[in-house]
file upload-v3.cif (mmCIF, C-alpha atoms)
data_structure
#
loop_
_atom_site.label_atom_id
_atom_site.label_comp_id
_atom_site.auth_asym_id
_atom_site.auth_seq_id
_atom_site.Cartn_x
_atom_site.Cartn_y
_atom_site.Cartn_z
CA MET A 1 178.00 0.92 33.64
CA PRO A 2 181.43 1.96 32.34
CA LEU A 3 184.54 1.72 34.46
CA LYS A 4 185.11 4.46 36.97
CA LEU A 5 188.09 5.40 39.10
CA VAL A 6 187.44 5.07 42.83
CA LYS A 7 189.48 4.92 46.02
CA ARG A 8 189.46 2.27 48.74
CA PRO A 9 189.78 3.39 52.35
CA ARG A 10 193.09 1.67 52.98
CA SER A 11 194.72 1.89 49.56
CA PRO A 12 196.48 4.94 48.08
CA ASN A 13 196.08 3.59 44.51
CA TRP A 14 193.18 4.26 42.17
CA ILE A 15 190.77 1.39 41.57
CA MET A 16 188.91 0.61 38.32
CA ARG A 17 185.36 -0.48 39.11
CA GLY A 18 182.28 -1.06 36.98
CA THR A 19 180.57 -3.38 34.50
CA VAL A 20 181.54 -3.67 30.85
CA ALA A 21 179.77 -6.05 28.46
CA LYS A 22 178.04 -7.73 31.42
CA GLN A 23 181.40 -8.34 33.11
CA SER A 24 181.93 -6.89 36.58
CA ILE A 25 185.41 -5.47 37.13
CA GLU A 26 187.23 -4.22 40.19
CA GLU A 27 190.97 -3.95 39.57
CA THR A 28 193.73 -1.80 40.98
CA THR A 29 195.66 0.47 38.65
CA GLY A 30 198.70 0.21 40.90
CA THR A 31 199.23 3.97 40.80
CA THR A 32 198.33 7.03 42.83
CA ASP A 33 198.62 9.30 39.79
CA LYS A 34 195.09 10.00 38.54
CA LYS A 35 196.20 10.85 34.97
CA ILE A 36 198.02 7.55 34.60
CA ALA A 37 195.12 5.74 36.23
CA GLU A 38 192.68 7.36 33.79
CA ALA A 39 194.77 6.22 30.83
CA MET A 40 194.78 2.69 32.22
CA ARG A 41 191.01 2.84 32.74
CA ILE A 42 190.40 3.81 29.12
CA LYS A 43 192.74 1.06 27.86
CA ARG A 44 191.17 -1.60 30.08
CA GLU A 45 187.65 -0.64 29.09
CA LYS A 46 188.58 -0.88 25.42
CA GLU A 47 190.13 -4.31 26.00
CA LEU A 48 186.98 -5.58 27.68
CA LEU A 49 184.76 -4.32 24.84
CA THR A 50 187.05 -5.86 22.20
CA GLU A 51 187.15 -9.12 24.12
CA SER A 52 183.36 -9.25 24.34
CA VAL A 53 183.08 -8.98 20.55
CA PHE A 54 186.07 -10.96 19.24
CA GLY A 55 186.98 -13.21 22.16
CA LYS A 56 189.69 -13.18 24.81
CA GLY A 57 192.40 -14.33 22.43
CA VAL A 58 192.38 -10.99 20.64
CA VAL A 59 193.47 -9.06 23.72
CA MET A 60 195.43 -11.74 25.60
CA THR A 61 199.02 -10.66 26.23
CA PHE A 62 202.01 -12.95 26.53
CA ALA A 63 202.42 -11.97 30.18
CA GLN A 64 198.83 -12.98 30.94
CA ALA A 65 199.22 -16.29 29.14
CA ALA A 66 202.51 -17.02 30.90
CA LEU A 67 200.94 -16.27 34.30
CA ASP A 68 198.00 -18.55 33.55
CA TYR A 69 200.44 -21.26 32.45
CA ILE A 70 202.30 -20.98 35.76
CA GLU A 71 199.11 -21.00 37.85
CA HIS A 72 197.14 -23.71 36.08
CA ALA A 73 199.53 -25.86 34.07
CA GLU A 74 202.12 -25.97 36.87
CA GLY A 75 204.80 -25.77 34.22
CA GLU A 76 208.52 -25.11 34.53
CA THR A 77 209.11 -21.45 35.37
CA ARG A 78 212.88 -21.30 35.36
CA PHE A 79 213.45 -19.62 31.99
CA LEU A 80 210.29 -17.54 31.82
CA LYS A 81 211.59 -14.22 33.19
CA PRO A 82 213.77 -13.29 30.16
CA LEU A 83 210.87 -14.25 27.87
CA ALA A 84 208.37 -12.21 29.90
CA ASP A 85 210.74 -9.24 29.87
CA TYR A 86 211.11 -9.51 26.09
CA PHE A 87 207.50 -10.15 25.02
CA GLY A 88 205.86 -8.50 28.03
CA GLU A 89 202.53 -6.93 27.16
CA GLY A 90 202.79 -7.92 23.50
CA LEU A 91 199.68 -9.64 22.19
CA LEU A 92 199.83 -13.41 22.24
CA LYS A 93 198.21 -13.67 18.81
CA ASP A 94 201.11 -11.74 17.25
CA ILE A 95 203.81 -14.15 18.42
CA GLY A 96 204.83 -16.64 15.74
CA GLN A 97 207.87 -18.54 14.50
CA HIS A 98 209.68 -15.42 13.26
CA GLU A 99 209.15 -13.49 16.50
CA ILE A 100 210.44 -16.40 18.57
CA ASP A 101 213.48 -16.88 16.31
CA VAL A 102 214.36 -13.21 16.71
CA ALA A 103 213.81 -13.35 20.47
CA ALA A 104 216.09 -16.38 20.86
CA LYS A 105 218.98 -14.57 19.19
CA LYS A 106 218.42 -11.29 21.01
CA ILE A 107 218.01 -12.79 24.46
CA TYR A 108 220.88 -15.27 24.07
CA PRO A 109 223.14 -13.79 21.35
CA LYS A 110 226.16 -15.99 22.13
CA ALA A 111 224.35 -19.15 23.17
CA SER A 112 224.42 -22.47 21.35
CA ASN A 113 221.37 -23.86 19.58
CA ALA A 114 221.01 -26.37 22.41
CA THR A 115 220.76 -23.56 24.96
CA ARG A 116 218.26 -21.63 22.86
CA ASN A 117 216.19 -24.78 22.44
CA ARG A 118 216.14 -25.38 26.18
CA GLN A 119 215.66 -21.80 27.35
CA VAL A 120 213.49 -20.27 24.62
CA TYR A 121 211.82 -22.76 22.29
CA THR A 122 210.82 -25.30 24.94
CA PRO A 123 209.12 -22.86 27.35
CA MET A 124 207.58 -20.87 24.49
CA SER A 125 206.17 -24.05 23.00
CA ALA A 126 204.68 -25.01 26.36
CA ILE A 127 203.03 -21.62 26.89
CA LEU A 128 201.64 -21.45 23.35
CA GLN A 129 200.30 -24.98 23.63
CA HIS A 130 198.63 -24.07 26.92
CA ALA A 131 197.11 -20.99 25.30
CA ALA A 132 195.85 -23.05 22.35
CA VAL A 133 194.13 -25.49 24.70
CA LYS A 134 192.44 -22.54 26.40
CA GLY A 135 191.25 -21.29 23.00
CA TRP A 136 193.27 -18.08 23.11
CA ARG A 137 195.19 -18.66 19.89
CA VAL A 138 195.70 -21.17 17.10
CA PRO A 139 198.18 -23.99 17.76
CA LEU A 140 201.75 -23.39 16.57
CA LYS A 141 204.24 -26.15 15.90
CA LEU A 142 207.61 -24.52 16.40
CA LYS A 143 210.56 -25.34 14.20
CA ARG A 144 213.62 -25.47 16.41
CA PRO A 145 217.20 -24.66 15.45
CA LYS A 146 219.26 -27.68 14.54
CA GLN A 147 221.84 -28.95 16.98
CA PRO A 148 224.43 -31.70 16.73
CA ALA A 149 223.13 -35.18 17.44
CA GLY A 150 224.14 -36.32 20.90
CA LYS A 151 226.98 -38.81 20.94
CA ILE A 152 226.44 -41.90 23.06
CA VAL A 153 229.47 -42.40 25.27
CA TRP A 154 229.38 -45.24 27.78
CA MET A 155 231.70 -47.10 30.10
CA LYS A 156 232.68 -50.71 29.81
CA PRO A 157 232.31 -52.68 33.06
CA ASP A 158 236.04 -52.58 33.81
CA GLU A 159 236.12 -48.81 33.25
CA ALA A 160 233.16 -48.34 35.59
CA GLU A 161 234.91 -50.41 38.26
CA ARG A 162 238.05 -48.31 37.94
CA LEU A 163 235.99 -45.15 38.29
CA ILE A 164 234.15 -46.43 41.37
CA GLU A 165 237.40 -47.46 43.06
CA ALA A 166 238.88 -44.03 42.36
CA CYS A 167 235.92 -42.08 43.74
CA ALA A 168 236.17 -40.08 46.94
CA PRO A 169 234.09 -41.64 49.78
CA HIS A 170 231.24 -39.15 49.42
CA LEU A 171 231.09 -39.59 45.63
CA ARG A 172 231.26 -43.38 45.48
CA PRO A 173 227.63 -44.15 46.53
CA LEU A 174 226.33 -41.45 44.18
CA VAL A 175 228.22 -42.81 41.16
CA ILE A 176 227.14 -46.38 41.92
CA PHE A 177 223.56 -45.20 42.27
CA MET A 178 223.60 -43.46 38.87
CA LEU A 179 225.32 -46.40 37.16
CA TYR A 180 222.72 -48.88 38.40
CA THR A 181 219.51 -46.81 38.23
CA GLY A 182 220.03 -44.63 35.16
CA ALA A 183 219.13 -41.57 37.22
CA ARG A 184 219.83 -38.19 35.71
CA THR A 185 222.36 -36.25 37.77
CA ALA A 186 219.71 -33.85 39.11
CA GLU A 187 217.39 -36.72 40.01
CA ALA A 188 220.16 -38.32 42.03
CA LEU A 189 221.72 -35.23 43.64
CA TRP A 190 218.50 -34.04 45.22
CA LEU A 191 216.87 -37.40 45.84
CA ASP A 192 215.08 -37.44 49.19
CA TRP A 193 215.13 -40.42 51.52
CA ALA A 194 211.32 -40.27 51.53
CA ASN A 195 211.45 -41.61 47.97
CA VAL A 196 213.77 -44.51 48.74
CA ASP A 197 212.33 -47.81 49.99
CA LEU A 198 215.06 -50.19 51.13
CA VAL A 199 212.46 -52.83 52.06
CA LEU A 200 210.68 -52.86 48.71
CA LYS A 201 214.08 -52.27 47.08
CA GLN A 202 213.02 -49.43 44.83
CA VAL A 203 213.48 -45.72 44.31
CA THR A 204 210.89 -43.24 43.05
CA PHE A 205 211.87 -40.15 41.11
CA ALA A 206 209.09 -37.69 41.88
CA LYS A 207 210.45 -34.77 39.87
CA THR A 208 211.82 -35.75 36.49
CA LYS A 209 212.85 -33.97 33.32
CA ASN A 210 209.70 -35.01 31.44
CA GLY A 211 207.42 -34.30 34.39
CA GLU A 212 206.35 -37.90 34.93
CA VAL A 213 206.94 -39.86 38.14
CA ARG A 214 208.82 -43.12 37.67
CA SER A 215 210.17 -45.88 39.90
CA VAL A 216 213.21 -48.10 39.40
CA PRO A 217 214.14 -51.32 41.24
CA LEU A 218 217.35 -51.06 43.27
CA HIS A 219 220.26 -53.32 42.34
CA PRO A 220 221.82 -55.24 45.28
CA ARG A 221 224.98 -53.18 44.91
CA VAL A 222 223.00 -49.96 45.30
CA LEU A 223 221.17 -51.35 48.33
CA HIS A 224 224.53 -52.17 49.89
CA GLU A 225 225.82 -48.62 49.37
CA LEU A 226 222.63 -46.91 50.56
CA SER A 227 222.40 -49.11 53.65
CA ALA A 228 225.90 -48.02 54.62
CA LEU A 229 224.95 -44.32 54.70
CA LYS A 230 224.57 -43.05 58.25
CA HIS A 231 221.73 -40.55 57.72
CA ARG A 232 218.13 -41.34 56.78
CA ASP A 233 216.55 -37.93 56.34
CA ALA A 234 216.36 -35.22 53.65
CA GLU A 235 218.78 -35.55 50.71
CA VAL A 236 220.33 -38.99 50.27
CA PHE A 237 223.63 -37.84 48.79
CA ARG A 238 225.87 -35.23 50.40
CA THR A 239 229.05 -33.33 49.70
CA ASP A 240 232.40 -34.13 51.28
CA ARG A 241 231.36 -31.73 54.08
CA GLY A 242 228.21 -33.72 54.77
CA GLU A 243 225.96 -31.01 53.34
CA ALA A 244 223.25 -31.21 50.70
CA TYR A 245 224.30 -30.12 47.21
CA ASP A 246 223.32 -26.56 46.29
CA ARG A 247 220.20 -26.41 44.18
CA PRO A 248 220.06 -24.35 40.95
CA ASP A 249 219.81 -20.60 41.35
CA ALA A 250 216.41 -19.53 40.05
CA ASP A 251 217.80 -16.08 39.23
CA GLU A 252 220.77 -17.37 37.26
CA ASP A 253 219.81 -18.61 33.80
CA ALA A 254 223.25 -20.11 33.19
CA ASP A 255 222.92 -22.32 36.27
CA THR A 256 221.21 -25.22 34.53
CA SER A 257 223.46 -28.24 34.98
CA ALA A 258 223.37 -30.40 38.08
CA GLY A 259 226.58 -31.99 36.84
CA THR A 260 228.57 -28.87 37.72
CA ARG A 261 228.02 -29.69 41.41
CA ILE A 262 230.17 -32.81 41.14
CA LYS A 263 232.27 -31.88 38.11
CA THR A 264 235.53 -31.41 40.02
CA ALA A 265 235.16 -34.54 42.14
CA PHE A 266 234.10 -36.64 39.14
CA LYS A 267 236.99 -35.36 37.03
CA GLY A 268 239.42 -36.14 39.83
CA ALA A 269 238.13 -39.71 40.01
CA CYS A 270 238.47 -40.08 36.24
CA ARG A 271 242.05 -38.81 36.40
CA ARG A 272 242.97 -41.23 39.19
CA ALA A 273 241.30 -44.06 37.27
CA GLY A 274 243.17 -43.17 34.07
CA LEU A 275 239.93 -42.52 32.20
CA GLY A 276 241.12 -39.76 29.92
CA SER A 277 244.28 -38.35 28.46
CA PHE A 278 246.68 -35.46 28.88
CA GLU A 279 246.92 -32.79 26.22
CA ILE A 280 249.35 -29.91 25.82
CA SER A 281 247.59 -26.57 25.47
CA ALA A 282 248.75 -23.69 23.29
CA ASP A 283 250.58 -22.13 26.24
CA GLY A 284 252.49 -25.35 26.86
CA LYS A 285 250.55 -26.45 29.93
CA LYS A 286 249.53 -30.06 30.44
CA LYS A 287 245.77 -30.53 30.81
CA PHE A 288 243.83 -33.70 31.60
CA ILE A 289 240.85 -34.32 29.31
CA VAL A 290 238.33 -36.70 30.83
CA SER A 291 236.70 -39.41 28.75
CA PHE A 292 233.46 -39.31 30.71
CA THR A 293 231.08 -36.92 32.48
CA PRO A 294 228.51 -37.58 35.22
CA HIS A 295 225.81 -37.97 32.55
CA THR A 296 227.82 -40.85 31.07
CA CYS A 297 226.57 -42.92 34.00
CA ARG A 298 223.03 -42.75 32.60
CA HIS A 299 224.24 -43.72 29.12
CA THR A 300 226.20 -46.58 30.65
CA TRP A 301 223.19 -47.90 32.56
CA ALA A 302 221.01 -47.77 29.44
CA THR A 303 223.66 -49.50 27.33
CA TRP A 304 224.19 -52.24 29.90
CA HIS A 305 220.43 -52.70 30.31
CA TYR A 306 219.89 -53.16 26.59
CA GLN A 307 222.86 -55.51 26.25
CA LYS A 308 221.38 -57.80 28.89
CA ASN A 309 217.67 -57.53 28.12
CA ARG A 310 217.23 -56.39 24.48
CA ASN A 311 213.97 -54.77 25.58
CA LEU A 312 213.48 -51.20 24.36
CA THR A 313 210.04 -50.82 25.94
CA SER A 314 211.34 -51.75 29.38
CA LEU A 315 214.33 -49.46 28.95
CA GLN A 316 212.09 -46.56 27.90
CA HIS A 317 209.84 -47.06 30.92
CA LEU A 318 212.62 -47.37 33.49
CA GLY A 319 214.68 -44.54 32.01
CA GLY A 320 211.80 -42.10 31.66
CA TRP A 321 212.20 -41.30 27.97
CA LYS A 322 209.06 -39.99 26.28
CA SER A 323 209.79 -41.40 22.84
CA ILE A 324 211.10 -44.74 21.65
CA ALA A 325 213.33 -42.81 19.25
CA MET A 326 215.41 -41.62 22.20
CA VAL A 327 215.88 -45.20 23.38
CA MET A 328 216.79 -46.48 19.92
CA ARG A 329 220.15 -44.75 20.31
CA TYR A 330 221.22 -47.49 22.69
CA ALA A 331 220.12 -50.21 20.29
CA HIS A 332 222.29 -48.56 17.62
CA THR A 333 225.21 -48.57 20.03
CA ASN A 334 224.88 -52.32 20.64
CA VAL A 335 225.33 -53.92 17.22
CA GLU A 336 226.89 -57.17 18.45
CA GLU A 337 223.41 -58.73 18.55
CA HIS A 338 223.59 -58.75 14.74
CA ALA A 339 226.98 -60.48 14.62
CA ALA A 340 225.49 -63.86 13.65
CA SER A 341 223.69 -62.41 10.65
CA ILE A 342 226.89 -60.68 9.49
CA ASN A 343 229.04 -63.76 10.03
CA SER A 344 226.66 -65.80 7.85
CA LEU A 345 227.45 -63.72 4.77
CA PRO A 346 229.36 -65.72 2.08
CA TRP A 347 233.16 -65.63 1.85
CA ALA A 348 234.04 -67.43 -1.36
CA SER A 349 237.79 -67.24 -0.84
CA ARG A 350 237.46 -69.60 2.13
CA GLY A 351 236.68 -72.49 -0.21
CA ASP A 352 235.04 -75.37 1.62
CA ASN A 353 234.82 -73.35 4.82
CA SER A 354 232.58 -70.70 3.28
CA PRO A 355 228.82 -70.82 3.93
CA THR A 356 228.09 -71.03 0.19
CA ALA A 357 230.51 -73.91 -0.35
CA LYS A 358 228.59 -76.11 2.10
CA GLU A 359 225.26 -75.53 0.39
#
call {"tool": "encode", "arguments": {"input": "upload-v3.cif", "output": "structure tokens"}}
result
Amino acid sequence: MPLKLVKRPRSPNWIMRGTVAKQSIEETTGTTDKKIAEAMRIKREKELLTESVFGKGVVMTFAQAALDYIEHAEGETRFLKPLADYFGEGLLKDIGQHEIDVAAKKIYPKASNATRNRQVYTPMSAILQHAAVKGWRVPLKLKRPKQPAGKIVWMKPDEAERLIEACAPHLRPLVIFMLYTGARTAEALWLDWANVDLVLKQVTFAKTKNGEVRSVPLHPRVLHELSALKHRDAEVFRTDRGEAYDRPDADEDADTSAGTRIKTAFKGACRRAGLGSFEISADGKKKFIVSFTPHTCRHTWATWHYQKNRNLTSLQHLGGWKSIAMVMRYAHTNVEEHAASINSLPWASRGDNSPTAKE
């Protein structure tokens, strides 16, 4: 029985009802206009017939795939709206590398490659992968735009101590926590007391960047700072007004960095600690340029951990990196472990003191 337009007693909109290719359908058109509803009925019936012959992937739209991804894959939804607005009802099978490259530049014309990677290529890759698993399209390995390799900046112990001493009272426990757990700024800012165990001396990060739960033992210094906090409910770390830090605005695509919440306070601590330098701008004004950012705390923890343990697997597990390649950056930063092998190289001009002269 083909689809027919019918009315429900309590709904002003036309309903499509019937059976097409052995599939029972009852869907609202969302309109009270019968002409528009009839056009939608014809389109939907054609889709169902095409799907029955060639499979669902032929008629699957990007919007449908994105919705299924949200409902069943429980994926990140933050950057999906601009993508859904752009691709909308376009067929999923027609979206390839070229279409995504064009979309990235049109949606974010002035953005950096890093932003386009984060807000276009990453969510698109996730949705297309989800669709491939469902059998709605062939897998697509996206080629992402190149971006500068991240520079590893870390604090020496004396620099970290200067920073801690210069922190405002509300910032001090947060900075110590990040320096000794390797927590990402977002993981720390919105950490709930329910995920902190002062008895077992560990913290659990339930919502992480890579989607995997991880736990980290708490250093005695962190335990000391956390034990001194007066509250034991909701968010662990608070602003100077005793309030929880504002969470990212879901409707503001540019609001992506947790570090902006403590940027001013962190910069002030760096300035008081002398961790930076003053520069004269083009208009003759003196401006303080900080040497470090909140994320430097994570780099510092990783660097310190590798210096003491020389264990990349342990570092990867505790830091929550998905690939060992990401962790290798800290091994490259710490080259002093190879000093002995370098010092053993021959130095003929030293005469009897050279390694080769003693052989």
call {"tool": "closest_atom_pairs", "arguments": {"input": "upload-v3.cif", "of": "segment 220-332 of chain A", "to": "segment 160-170 of chain A", "cutoff": "12 Å", "atoms": "all atoms listed in the file", "output": "JSON lines"}}
result
{"residue": "A:Arg221", "atom": "CA", "partner": "A:Ile164", "partner_atom": "CA", "distance": 11.9}
{"residue": "A:Glu225", "atom": "CA", "partner": "A:Pro169", "partner_atom": "CA", "distance": 10.8}
{"residue": "A:Leu226", "atom": "CA", "partner": "A:His170", "partner_atom": "CA", "distance": 11.6}
{"residue": "A:Ala228", "atom": "CA", "partner": "A:Pro169", "partner_atom": "CA", "distance": 11.5}
{"residue": "A:Leu229", "atom": "CA", "partner": "A:His170", "partner_atom": "CA", "distance": 9.7}
{"residue": "A:Lys230", "atom": "CA", "partner": "A:His170", "partner_atom": "CA", "distance": 11.7}
{"residue": "A:Val236", "atom": "CA", "partner": "A:His170", "partner_atom": "CA", "distance": 10.9}
{"residue": "A:Phe237", "atom": "CA", "partner": "A:His170", "partner_atom": "CA", "distance": 7.7}
{"residue": "A:Arg238", "atom": "CA", "partner": "A:His170", "partner_atom": "CA", "distance": 6.7}
{"residue": "A:Thr239", "atom": "CA", "partner": "A:His170", "partner_atom": "CA", "distance": 6.2}
{"residue": "A:Asp240", "atom": "CA", "partner": "A:His170", "partner_atom": "CA", "distance": 5.5}
{"residue": "A:Arg241", "atom": "CA", "partner": "A:His170", "partner_atom": "CA", "distance": 8.8}
{"residue": "A:Gly242", "atom": "CA", "partner": "A:His170", "partner_atom": "CA", "distance": 8.2}
{"residue": "A:Glu243", "atom": "CA", "partner": "A:His170", "partner_atom": "CA", "distance": 10.5}
{"residue": "A:Ala244", "atom": "CA", "partner": "A:His170", "partner_atom": "CA", "distance": 11.3}
{"residue": "A:Tyr245", "atom": "CA", "partner": "A:His170", "partner_atom": "CA", "distance": 11.6}
{"residue": "A:Ile262", "atom": "CA", "partner": "A:His170", "partner_atom": "CA", "distance": 10.5}
{"residue": "A:Thr264", "atom": "CA", "partner": "A:Ala168", "partner_atom": "CA", "distance": 11.1}
{"residue": "A:Ala265", "atom": "CA", "partner": "A:Ala168", "partner_atom": "CA", "distance": 7.4}
{"residue": "A:Phe266", "atom": "CA", "partner": "A:Cys167", "partner_atom": "CA", "distance": 7.4}
{"residue": "A:Lys267", "atom": "CA", "partner": "A:Cys167", "partner_atom": "CA", "distance": 9.6}
{"residue": "A:Gly268", "atom": "CA", "partner": "A:Cys167", "partner_atom": "CA", "distance": 7.9}
{"residue": "A:Ala269", "atom": "CA", "partner": "A:Cys167", "partner_atom": "CA", "distance": 4.9}
{"residue": "A:Cys270", "atom": "CA", "partner": "A:Leu163", "partner_atom": "CA", "distance": 6.0}
{"residue": "A:Arg271", "atom": "CA", "partner": "A:Ala166", "partner_atom": "CA", "distance": 8.5}
{"residue": "A:Arg272", "atom": "CA", "partner": "A:Ala166", "partner_atom": "CA", "distance": 5.9}
{"residue": "A:Ala273", "atom": "CA", "partner": "A:Arg162", "partner_atom": "CA", "distance": 5.4}
{"residue": "A:Gly274", "atom": "CA", "partner": "A:Arg162", "partner_atom": "CA", "distance": 8.2}
{"residue": "A:Leu275", "atom": "CA", "partner": "A:Leu163", "partner_atom": "CA", "distance": 7.7}
{"residue": "A:Gly276", "atom": "CA", "partner": "A:Leu163", "partner_atom": "CA", "distance": 11.2}
{"residue": "A:Val290", "atom": "CA", "partner": "A:Leu163", "partner_atom": "CA", "distance": 11.5}
{"residue": "A:Ser291", "atom": "CA", "partner": "A:Leu163", "partner_atom": "CA", "distance": 11.2}
{"residue": "A:Phe292", "atom": "CA", "partner": "A:Leu163", "partner_atom": "CA", "distance": 9.9}
{"residue": "A:Thr293", "atom": "CA", "partner": "A:Leu163", "partner_atom": "CA", "distance": 11.2}
{"residue": "A:Pro294", "atom": "CA", "partner": "A:Leu163", "partner_atom": "CA", "distance": 11.1}
{"residue": "A:Thr296", "atom": "CA", "partner": "A:Ala160", "partner_atom": "CA", "distance": 10.2}
{"residue": "A:Cys297", "atom": "CA", "partner": "A:Ala160", "partner_atom": "CA", "distance": 8.7}
{"residue": "A:Arg298", "atom": "CA", "partner": "A:Ala160", "partner_atom": "CA", "distance": 12.0}
{"residue": "A:His299", "atom": "CA", "partner": "A:Ala160", "partner_atom": "CA", "distance": 11.9}
{"residue": "A:Thr300", "atom": "CA", "partner": "A:Ala160", "partner_atom": "CA", "distance": 8.7}
{"residue": "A:Trp301", "atom": "CA", "partner": "A:Ala160", "partner_atom": "CA", "distance": 10.4}
{"residue": "A:Trp304", "atom": "CA", "partner": "A:Ala160", "partner_atom": "CA", "distance": 11.3}
call {"tool": "closest_residue", "arguments": {"input": "upload-v3.cif", "among": "A:Leu318, A:Leu189, A:Ala131, A:Arg310", "to": "Val216 of chain A", "atoms": "all atoms listed in the file"}}
result
A:Leu318
call {"tool": "atom_distance", "arguments": {"input": "upload-v3.cif", "atom1": "atom CA of Asn113 of chain A", "atom2": "atom CA of Ile100 of chain A"}}
result
13.3 Å
call {"tool": "closest_residue", "arguments": {"input": "upload-v3.cif", "among": "A:Arg44, A:Arg261, A:Lys34, A:Lys287", "to": "Leu3 of chain A", "atoms": "all atoms listed in the file"}}
result
A:Arg44
call {"tool": "residues_around", "arguments": {"input": "upload-v3.cif", "residues": "segment 120-123 of chain A", "least_positions_apart": "3", "cutoff": "7 Å", "atoms": "all atoms listed in the file", "output": "PDB file with C-alpha atoms, keeping the file's coordinate frame"}}
result
ATOM      1  CA  ALA A 104     216.090 -16.380  20.860  1.00  0.00           C
ATOM      2  CA  ARG A 116     218.260 -21.630  22.860  1.00  0.00           C
ATOM      3  CA  ASN A 117     216.190 -24.780  22.440  1.00  0.00           C
ATOM      4  CA  ALA A 126     204.680 -25.010  26.360  1.00  0.00           C
ATOM      5  CA  ILE A 127     203.030 -21.620  26.890  1.00  0.00           C
ATOM      6  CA  ARG A 144     213.620 -25.470  16.410  1.00  0.00           C
TER       7      ARG A 144
END
call {"tool": "resolve_selection", "arguments": {"input": "upload-v3.cif", "expression": "the PyMOL selection byres ((chain A and resi 333) around 10)", "output": "list in words"}}
result
Lys151, Ile152, Val153, Trp154, Thr303, Tyr306, Gln307, Met328, Arg329, Tyr330, Ala331, His332, Asn334, Val335 and Glu336 of chain A
call {"tool": "closest_residue", "arguments": {"input": "upload-v3.cif", "among": "A:Phe278, A:Phe79, A:Phe62, A:Phe177", "to": "His130 of chain A", "atoms": "only C-alpha atoms"}}
result
A:Phe62
call {"tool": "closest_residue", "arguments": {"input": "upload-v3.cif", "among": "A:His98, A:Pro220, A:Ser24, A:Lys93", "to": "Gly135 of chain A", "atoms": "all atoms listed in the file"}}
result
A:Lys93
call {"tool": "residues_around", "arguments": {"input": "upload-v3.cif", "residues": "segment 196-212 of chain A", "least_positions_apart": "3", "cutoff": "9 Å", "atoms": "all atoms listed in the file", "output": "list of chain:residue names"}}
result
A:Gly75, A:Thr181, A:Ala183, A:Arg184, A:Ala186, A:Glu187, A:Ala188, A:Leu191, A:Asp192, A:Trp193, A:Ser215, A:Val216, A:Pro217, A:Leu218, A:His219, A:Pro220, A:Leu223, A:Leu226, A:Ser227, A:Val236, A:Gly320, A:Trp321, A:Lys322
call {"tool": "closest_residue", "arguments": {"input": "upload-v3.cif", "among": "A:Gln147, A:Thr313, A:Asn195, A:Thr29", "to": "Lys43 of chain A", "atoms": "only C-alpha atoms"}}
result
A:Thr29
call {"tool": "atom_distance", "arguments": {"input": "upload-v3.cif", "atom1": "atom CA of Ala21 of chain A", "atom2": "atom CA of Thr61 of chain A"}}
result
19.9 Å
call {"tool": "atom_distance", "arguments": {"input": "upload-v3.cif", "atom1": "atom CA of Ala103 of chain A", "atom2": "atom CA of Lys81 of chain A"}}
result
12.9 Å
call {"tool": "axis_aligned_box", "arguments": {"input": "upload-v3.cif", "around": "segment 182-199 of chain A", "padding_each_side": "6 Å", "output": "JSON"}}
result
{"center_x": 216.8, "center_y": -43.3, "center_z": 43.6, "size_x": 23.0, "size_y": 31.0, "size_z": 28.9}
call {"tool": "closest_residue", "arguments": {"input": "upload-v3.cif", "among": "A:Phe87, A:Leu179, A:Lys134, A:Thr19", "to": "His72 of chain A", "atoms": "only C-alpha atoms"}}
result
A:Lys134
